[in-house]
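Trainee: Got start_25.pdb for you, PDB, C-alpha atoms, pLDDT in the B column:
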ATOM      1  CA  TYR A   1    -187.347  -2.079 167.390  1.00 75.00           C
ATOM      2  CA  SER A   2    -186.987   0.101 170.464  1.00 81.00           C
ATOM      3  CA  VAL A   3    -184.129   1.336 172.630  1.00 79.00           C
ATOM      4  CA  VAL A   4    -184.278   1.836 176.389  1.00 79.00           C
ATOM      5  CA  LEU A   5    -181.383   3.729 177.965  1.00 73.00           C
ATOM      6  CA  GLU A   6    -180.337   3.676 181.569  1.00 67.00           C
ATOM      7  CA  ASP A   7    -180.242   6.897 183.579  1.00 61.00           C
ATOM      8  CA  PRO A   8    -177.373   7.742 183.741  1.00 53.00           C
ATOM      9  CA  PRO A   9    -176.794   6.184 180.299  1.00 51.00           C
ATOM     10  CA  HIS A  10    -173.900   3.808 181.006  1.00 57.00           C
ATOM     11  CA  ASN A  11    -175.795   1.149 179.078  1.00 78.00           C
ATOM     12  CA  GLY A  12    -179.253   0.226 177.920  1.00 87.00           C
ATOM     13  CA  ILE A  13    -181.188  -2.435 176.053  1.00 90.00           C
ATOM     14  CA  PHE A  14    -182.155  -3.006 172.441  1.00 92.00           C
ATOM     15  CA  CYS A  15    -185.518  -4.648 171.721  1.00 93.00           C
ATOM     16  CA  ALA A  16    -185.923  -6.140 168.227  1.00 95.00           C
ATOM     17  CA  ARG A  17    -188.672  -7.877 166.303  1.00 95.00           C
ATOM     18  CA  LEU A  18    -188.209  -9.492 162.866  1.00 95.00           C
ATOM     19  CA  ARG A  19    -191.347 -10.620 161.050  1.00 96.00           C
ATOM     20  CA  TYR A  20    -190.991 -12.707 157.879  1.00 97.00           C
ATOM     21  CA  ALA A  21    -194.051 -13.171 155.651  1.00 96.00           C
ATOM     22  CA  SER A  22    -193.290 -16.852 155.069  1.00 96.00           C
ATOM     23  CA  LEU A  23    -192.083 -19.939 156.929  1.00 95.00           C
ATOM     24  CA  GLY A  24    -188.346 -20.282 157.487  1.00 95.00           C
ATOM     25  CA  TRP A  25    -185.388 -19.451 159.677  1.00 96.00           C
ATOM     26  CA  VAL A  26    -184.673 -15.737 160.256  1.00 97.00           C
ATOM     27  CA  GLY A  27    -181.696 -13.734 161.502  1.00 96.00           C
ATOM     28  CA  VAL A  28    -180.754 -10.091 162.083  1.00 96.00           C
ATOM     29  CA  GLY A  29    -177.850  -8.364 163.825  1.00 95.00           C
ATOM     30  CA  ARG A  30    -175.132  -5.714 163.907  1.00 95.00           C
ATOM     31  CA  SER A  31    -172.452  -5.553 161.245  1.00 94.00           C
ATOM     32  CA  ASP A  32    -169.882  -3.004 160.123  1.00 91.00           C
ATOM     33  CA  SER A  33    -168.605  -5.096 157.198  1.00 88.00           C
ATOM     34  CA  GLY A  34    -171.488  -6.936 155.549  1.00 90.00           C
ATOM     35  CA  MET A  35    -172.509 -10.521 156.201  1.00 91.00           C
ATOM     36  CA  VAL A  36    -169.003 -11.785 157.076  1.00 93.00           C
ATOM     37  CA  GLY A  37    -168.029 -10.264 160.410  1.00 93.00           C
ATOM     38  CA  SER A  38    -171.639  -9.749 161.457  1.00 94.00           C
ATOM     39  CA  GLU A  39    -173.117 -10.830 164.769  1.00 95.00           C
ATOM     40  CA  PRO A  40    -176.719 -11.826 164.080  1.00 95.00           C
ATOM     41  CA  THR A  41    -179.319 -13.279 166.356  1.00 97.00           C
ATOM     42  CA  ILE A  42    -180.848 -16.255 164.530  1.00 96.00           C
ATOM     43  CA  TYR A  43    -184.047 -18.232 165.053  1.00 96.00           C
ATOM     44  CA  LYS A  44    -183.808 -21.847 163.873  1.00 93.00           C
ATOM     45  CA  PRO A  45    -187.250 -23.510 163.981  1.00 91.00           C
ATOM     46  CA  GLU A  46    -185.741 -26.914 163.164  1.00 86.00           C
ATOM     47  CA  ASP A  47    -183.806 -27.112 166.452  1.00 73.00           C
ATOM     48  CA  GLY A  48    -186.323 -29.159 168.422  1.00 68.00           C
ATOM     49  CA  SER A  49    -188.854 -26.637 169.681  1.00 68.00           C
ATOM     50  CA  GLY A  50    -186.814 -23.807 168.147  1.00 79.00           C
ATOM     51  CA  SER A  51    -183.941 -21.700 169.441  1.00 87.00           C
ATOM     52  CA  VAL A  52    -182.940 -18.034 169.396  1.00 94.00           C
ATOM     53  CA  LEU A  53    -179.166 -17.582 169.801  1.00 95.00           C
ATOM     54  CA  LYS A  54    -176.408 -15.074 169.081  1.00 96.00           C
ATOM     55  CA  TYR A  55    -173.994 -16.089 166.314  1.00 96.00           C
ATOM     56  CA  SER A  56    -170.779 -14.837 164.764  1.00 94.00           C
ATOM     57  CA  ILE A  57    -170.139 -15.239 161.043  1.00 95.00           C
ATOM     58  CA  SER A  58    -166.519 -15.714 159.971  1.00 93.00           C
ATOM     59  CA  ASN A  59    -167.194 -16.897 156.374  1.00 90.00           C
ATOM     60  CA  ARG A  60    -170.111 -17.522 154.030  1.00 85.00           C
ATOM     61  CA  ASN A  61    -170.452 -21.268 154.456  1.00 86.00           C
ATOM     62  CA  GLU A  62    -172.477 -22.860 157.242  1.00 87.00           C
ATOM     63  CA  ALA A  63    -169.339 -23.979 159.096  1.00 89.00           C
ATOM     64  CA  GLY A  64    -168.417 -20.345 159.608  1.00 93.00           C
ATOM     65  CA  ILE A  65    -171.702 -19.543 161.369  1.00 94.00           C
ATOM     66  CA  ILE A  66    -171.178 -20.556 164.984  1.00 94.00           C
ATOM     67  CA  PRO A  67    -172.987 -19.738 168.252  1.00 94.00           C
ATOM     68  CA  MET A  68    -171.204 -17.212 170.453  1.00 94.00           C
ATOM     69  CA  ALA A  69    -169.598 -18.381 173.667  1.00 91.00           C
ATOM     70  CA  GLN A  70    -171.578 -15.817 175.654  1.00 89.00           C
ATOM     71  CA  GLN A  71    -175.329 -16.166 175.172  1.00 93.00           C
ATOM     72  CA  THR A  72    -176.433 -13.039 176.981  1.00 92.00           C
ATOM     73  CA  LEU A  73    -179.840 -12.292 175.496  1.00 95.00           C
ATOM     74  CA  LEU A  74    -182.042 -10.882 178.229  1.00 94.00           C
ATOM     75  CA  SER A  75    -185.132 -12.462 176.670  1.00 95.00           C
ATOM     76  CA  SER A  76    -186.278 -13.990 173.386  1.00 96.00           C
ATOM     77  CA  SER A  77    -189.367 -15.448 171.791  1.00 95.00           C
ATOM     78  CA  PHE A  78    -190.489 -16.879 168.455  1.00 94.00           C
ATOM     79  CA  SER A  79    -193.672 -17.959 166.766  1.00 94.00           C
ATOM     80  CA  GLN A  80    -194.967 -19.262 163.462  1.00 93.00           C
ATOM     81  CA  THR A  81    -198.401 -19.158 161.893  1.00 94.00           C
ATOM     82  CA  ALA A  82    -199.436 -20.743 158.617  1.00 92.00           C
ATOM     83  CA  THR A  83    -197.849 -17.864 156.700  1.00 95.00           C
ATOM     84  CA  THR A  84    -195.604 -15.885 159.077  1.00 96.00           C
ATOM     85  CA  THR A  85    -192.421 -16.333 161.125  1.00 96.00           C
ATOM     86  CA  THR A  86    -191.678 -13.898 163.977  1.00 96.00           C
ATOM     87  CA  MET A  87    -188.602 -13.587 166.189  1.00 97.00           C
ATOM     88  CA  GLU A  88    -188.166 -11.171 169.103  1.00 97.00           C
ATOM     89  CA  TYR A  89    -185.222 -10.581 171.405  1.00 97.00           C
ATOM     90  CA  VAL A  90    -183.799  -8.146 173.949  1.00 96.00           C
ATOM     91  CA  LYS A  91    -180.066  -7.554 174.407  1.00 94.00           C
ATOM     92  CA  LEU A  92    -177.695  -5.078 176.013  1.00 91.00           C
ATOM     93  CA  LEU A  93    -176.458  -2.205 173.874  1.00 91.00           C
ATOM     94  CA  LYS A  94    -172.932  -2.988 175.075  1.00 89.00           C
ATOM     95  CA  GLU A  95    -172.010  -6.456 176.281  1.00 87.00           C
ATOM     96  CA  TYR A  96    -169.768  -6.462 179.350  1.00 82.00           C
ATOM     97  CA  GLY A  97    -166.447  -8.293 178.984  1.00 78.00           C
ATOM     98  CA  SER A  98    -167.088  -9.142 175.326  1.00 80.00           C
ATOM     99  CA  PRO A  99    -165.696  -7.791 172.035  1.00 86.00           C
ATOM    100  CA  GLU A 100    -169.168  -7.872 170.460  1.00 90.00           C
ATOM    101  CA  LEU A 101    -170.220  -4.988 168.260  1.00 92.00           C
ATOM    102  CA  GLU A 102    -171.889  -2.268 170.288  1.00 91.00           C
ATOM    103  CA  ILE A 103    -175.208  -0.655 169.411  1.00 91.00           C
ATOM    104  CA  VAL A 104    -174.339   3.022 169.677  1.00 88.00           C
ATOM    105  CA  ASN A 105    -176.257   6.242 170.093  1.00 84.00           C
ATOM    106  CA  GLY A 106    -175.945   7.179 166.428  1.00 88.00           C
ATOM    107  CA  VAL A 107    -175.982   5.357 163.070  1.00 92.00           C
ATOM    108  CA  ASN A 108    -175.871   1.545 163.321  1.00 94.00           C
ATOM    109  CA  SER A 109    -175.549  -0.914 160.432  1.00 95.00           C
ATOM    110  CA  PHE A 110    -177.481  -4.199 160.484  1.00 96.00           C
ATOM    111  CA  VAL A 111    -177.769  -7.243 158.217  1.00 95.00           C
ATOM    112  CA  TYR A 112    -180.582  -9.785 157.945  1.00 96.00           C
ATOM    113  CA  GLY A 113    -181.207 -13.103 156.249  1.00 95.00           C
ATOM    114  CA  VAL A 114    -184.179 -15.464 155.876  1.00 97.00           C
ATOM    115  CA  GLY A 115    -184.482 -19.064 154.703  1.00 95.00           C
ATOM    116  CA  SER A 116    -186.836 -20.761 152.277  1.00 95.00           C
ATOM    117  CA  SER A 117    -187.725 -23.362 154.924  1.00 94.00           C
ATOM    118  CA  ASN A 118    -187.277 -24.115 158.620  1.00 93.00           C
ATOM    119  CA  THR A 119    -184.124 -26.060 157.827  1.00 92.00           C
ATOM    120  CA  PHE A 120    -181.114 -23.804 158.340  1.00 92.00           C
ATOM    121  CA  GLY A 121    -178.970 -23.369 155.266  1.00 90.00           C
ATOM    122  CA  TYR A 122    -178.153 -20.878 152.543  1.00 88.00           C
ATOM    123  CA  HIS A 123    -180.355 -17.816 152.794  1.00 89.00           C
ATOM    124  CA  PHE A 124    -183.312 -17.329 150.495  1.00 93.00           C
ATOM    125  CA  ALA A 125    -183.029 -13.520 150.832  1.00 95.00           C
ATOM    126  CA  ARG A 126    -180.653 -11.195 152.617  1.00 94.00           C
ATOM    127  CA  GLY A 127    -179.886  -7.491 152.922  1.00 94.00           C
ATOM    128  CA  GLY A 128    -178.734  -4.653 155.109  1.00 95.00           C
ATOM    129  CA  PHE A 129    -180.124  -1.496 156.629  1.00 94.00           C
ATOM    130  CA  THR A 130    -179.152   1.262 159.048  1.00 94.00           C
ATOM    131  CA  LEU A 131    -180.844   2.586 162.156  1.00 92.00           C
ATOM    132  CA  ASN A 132    -180.155   6.151 163.206  1.00 90.00           C
ATOM    133  CA  LEU A 133    -180.487   6.276 166.959  1.00 83.00           C
ATOM    134  CA  ALA A 134    -178.965   9.763 167.244  1.00 73.00           C
ATOM    135  CA  LEU A 135    -182.266  11.227 168.368  1.00 55.00           C
ATOM    136  CA  VAL A 136    -182.563   8.900 171.335  1.00 52.00           C
ATOM    137  CA  PRO A 137    -182.166  11.036 174.509  1.00 53.00           C
ATOM    138  CA  THR A 138    -179.089  10.254 176.604  1.00 47.00           C
ATOM    139  CA  SER A 139    -180.957  10.863 179.836  1.00 47.00           C
ATOM    140  CA  SER A 140    -184.486  10.908 181.045  1.00 44.00           C
ATOM    141  CA  PRO A 141    -186.212  14.263 180.544  1.00 43.00           C
ATOM    142  CA  THR A 142    -186.743  16.277 183.682  1.00 42.00           C
ATOM    143  CA  MET A 143    -189.619  18.544 184.442  1.00 43.00           C
ATOM    144  CA  LYS A 144    -188.764  22.248 184.413  1.00 45.00           C
ATOM    145  CA  PRO A 145    -189.350  23.693 187.866  1.00 44.00           C
ATOM    146  CA  THR A 146    -191.969  26.349 188.197  1.00 46.00           C
ATOM    147  CA  ASN A 147    -192.307  29.075 190.790  1.00 53.00           C
ATOM    148  CA  SER A 148    -196.042  29.225 190.386  1.00 48.00           C
ATOM    149  CA  PRO A 149    -197.747  27.809 193.444  1.00 49.00           C
ATOM    150  CA  THR A 150    -200.007  24.915 192.813  1.00 47.00           C
ATOM    151  CA  LYS A 151    -203.538  25.612 193.771  1.00 52.00           C
ATOM    152  CA  ALA A 152    -204.819  22.992 196.148  1.00 50.00           C
ATOM    153  CA  PRO A 153    -207.983  21.259 195.006  1.00 48.00           C
ATOM    154  CA  SER A 154    -211.130  22.423 196.705  1.00 51.00           C
ATOM    155  CA  ASN A 155    -214.388  20.661 197.294  1.00 53.00           C
ATOM    156  CA  ALA A 156    -216.203  23.953 197.550  1.00 49.00           C
ATOM    157  CA  PRO A 157    -218.768  24.667 194.833  1.00 50.00           C
ATOM    158  CA  THR A 158    -217.655  26.899 191.974  1.00 49.00           C
ATOM    159  CA  ASP A 159    -220.305  29.528 192.707  1.00 51.00           C
ATOM    160  CA  GLY A 160    -220.394  30.746 196.265  1.00 48.00           C
ATOM    161  CA  PRO A 161    -223.618  30.367 198.188  1.00 47.00           C
ATOM    162  CA  THR A 162    -226.082  33.225 197.738  1.00 48.00           C
ATOM    163  CA  ALA A 163    -226.876  34.992 201.001  1.00 48.00           C
ATOM    164  CA  THR A 164    -230.576  35.246 201.793  1.00 52.00           C
ATOM    165  CA  PRO A 165    -231.426  38.925 202.267  1.00 50.00           C
ATOM    166  CA  PRO A 166    -232.821  39.711 205.705  1.00 53.00           C
ATOM    167  CA  ALA A 167    -236.544  40.179 205.964  1.00 57.00           C
ATOM    168  CA  PRO A 168    -237.519  43.856 205.914  1.00 53.00           C
ATOM    169  CA  SER A 169    -238.123  45.327 209.330  1.00 52.00           C
ATOM    170  CA  PRO A 170    -241.812  46.121 209.989  1.00 52.00           C
ATOM    171  CA  ARG A 171    -242.722  49.789 209.863  1.00 54.00           C
ATOM    172  CA  PRO A 172    -243.196  51.310 213.250  1.00 48.00           C
ATOM    173  CA  THR A 173    -246.852  51.622 214.110  1.00 47.00           C
ATOM    174  CA  ALA A 174    -248.025  54.985 215.463  1.00 48.00           C
ATOM    175  CA  GLY A 175    -249.238  54.644 218.986  1.00 48.00           C
ATOM    176  CA  SER A 176    -252.897  55.307 219.833  1.00 45.00           C
ATOM    177  CA  PRO A 177    -253.445  58.952 220.744  1.00 45.00           C
ATOM    178  CA  SER A 178    -253.721  59.465 224.438  1.00 46.00           C
ATOM    179  CA  THR A 179    -256.978  61.006 225.747  1.00 46.00           C
ATOM    180  CA  THR A 180    -255.231  62.144 228.830  1.00 45.00           C
ATOM    181  CA  PRO A 181    -254.196  65.830 228.476  1.00 45.00           C
ATOM    182  CA  THR A 182    -250.671  66.689 229.304  1.00 45.00           C
ATOM    183  CA  LYS A 183    -251.884  69.257 231.864  1.00 48.00           C
ATOM    184  CA  ALA A 184    -255.175  69.102 233.615  1.00 46.00           C
ATOM    185  CA  PRO A 185    -257.281  72.288 233.286  1.00 47.00           C
ATOM    186  CA  THR A 186    -257.584  74.300 236.467  1.00 47.00           C
ATOM    187  CA  ASN A 187    -260.633  76.162 237.880  1.00 50.00           C
ATOM    188  CA  ASP A 188    -258.456  78.415 239.991  1.00 48.00           C
ATOM    189  CA  PRO A 189    -260.302  81.783 239.853  1.00 43.00           C
ATOM    190  CA  THR A 190    -257.080  83.696 240.218  1.00 44.00           C
ATOM    191  CA  ARG A 191    -256.150  82.720 236.762  1.00 47.00           C
ATOM    192  CA  ASN A 192    -259.449  83.956 235.233  1.00 46.00           C
ATOM    193  CA  PRO A 193    -259.361  87.436 233.657  1.00 46.00           C
ATOM    194  CA  THR A 194    -261.306  90.171 235.470  1.00 46.00           C
ATOM    195  CA  ASN A 195    -263.139  93.219 234.177  1.00 48.00           C
ATOM    196  CA  ALA A 196    -262.924  95.033 237.452  1.00 47.00           C
ATOM    197  CA  PRO A 197    -261.462  98.529 237.178  1.00 46.00           C
ATOM    198  CA  SER A 198    -258.117  98.952 238.633  1.00 47.00           C
ATOM    199  CA  LYS A 199    -257.659 101.249 241.613  1.00 48.00           C
ATOM    200  CA  SER A 200    -256.089 104.586 240.905  1.00 41.00           C
TER
END
Write out the structure in this file as structure tokens.
Mentor:
Amino acid sequence: YSVVLEDPPHNGIFCARLRYASLGWVGVGRSDSGMVGSEPTIYKPEDGSGSVLKYSISNRNEAGIIPMAQQTLLSSSFSQTATTTTMEYVKLLKEYGSPELEIVNGVNSFVYGVGSSNTFGYHFARGGFTLNLALVPTSSPTMKPTNSPTKAPSNAPTDGPTATPPAPSPRPTAGSPSTTPTKAPTNDPTRNPTNAPSKS
């Protein structure tokens, strides 16, 4: 089974599957008082190509098992193999404008019955069980907001590109020595020393 709630949870749907390891009619549904007073959904393979309908049970004989006036199943299906009978259906948790038993967010009682053949009649086996739907959330979970900024995706590579070091500058080359003297020598005789005695 599964339960899908609306958001907000004014209603929802109940999805059920009953698999019987034999061939025969099958039924399952809500009840707060046992088989009498229950509201099962029953698959009757003998009804032409088969039918899946909602029933109400007012007493234990077959005359007290009658189809409901409102057939409001949202969907249904059935199948049989050589050894297995399967029925599936989807219904509202709470039927609008109907006194049908509601499937509540909590503990729900169900009854089931199966036949020894495809011909509908007294059950071959029956029983009851409960489903605790108290843990089903009453609203869709919301994501907790975060103040952390979301980092935008980047197409850049993880490792940054490695810069190519510049080529070393060539050492300066010493210029060729100049053969030209800074000052040209002079032959001016006035600049030559003299050994002549000075006049007294």
Trainee: Which one is closest to Gly121 in chain A: A:Glu102, A:Asp32, A:Glu88, A:Glu62? Count only C-alpha atoms.
Mentor: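 Ranked by minimum distance to Gly121 in chain A, first place goes to A:Glu62.
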Trainee: Contacts of Ser116 in chain A at 12 Å or less, counting all atoms listed in the file, minus same-chain residues fewer than 3 places along, as a ChimeraX atom specification?
Mentor: /A:20-26,85,113,119-126
Trainee: Looking at A:Ile65, A:Val111, A:Val28, A:Val3, which one is nearest to Leu133 in chain A, with distances taken over only C-alpha atoms?
Mentor: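 So, comparing all the options, the nearest one is A:Val3.
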Trainee: Kindly indicate which residue among A:Tyr112, A:Ser79, A:Ala134, A:Gln70 lies nearest to Gly29 in chain A, using all atoms listed in the file for the distances.
Mentor: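 Answer, going by the shortest atom-to-atom distance: A:Tyr112.
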Trainee: Go through A:Asn59, A:Ser2, A:Val36, A:Gln71 one by one, measure the shortest atom-to-atom distance of each to Tyr96 in chain A using only C-alpha atoms, and give the residue with the smallest value.
Mentor: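 Using only C-alpha atoms, the shortest distance to Tyr96 in chain A belongs to A:Gln71.
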Trainee: So what do you get for CA of Tyr55 in chain A versus CA of Arg17 in chain A, distance-wise?
Mentor: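 Between these atoms lies a distance of 16.8 Å.
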Trainee: Can you measure CA of Asn11 in chain A to CA of Ser58 in chain A for me? One decimal in Å is fine.
Mentor: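 Here the two named atoms are 27.1 Å from each other.
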Trainee: Rank nothing, just name the residue among A:Tyr89, A:Thr81, A:Gly128, A:Gly34 nearest to Leu53 in chain A, using only C-alpha atoms.
Mentor: A:Tyr89
Trainee: Padding of 4 Å on every side, edges along x, y and z, all listed atoms of range 101-107 of chain A included: what centre and edge lengths in Å, to one decimal, does that box have, as JSON?
Mentor:
{"center_x": -173.2, "center_y": 1.1, "center_z": 166.7, "size_x": 14.0, "size_y": 20.2, "size_z": 15.2}
Trainee: Could you tell me which residues the PyMOL selection byres ((chain A and resi 106) around 9) grabs in this file, written as a PyMOL selection string?
Mentor: chain A and resi 103-105+107-108+131-136
Trainee: For CA of Leu74 in chain A and CA of Gly12 in chain A, determine how far apart the two atoms are, in Å to one decimal place.
Mentor: 11.5 Å
Trainee: Hey, which of A:Thr86, A:Ser51, A:Ser56, A:Gln80 ends up closest to Arg30 in chain A? Count only C-alpha atoms.
Mentor: A:Ser56
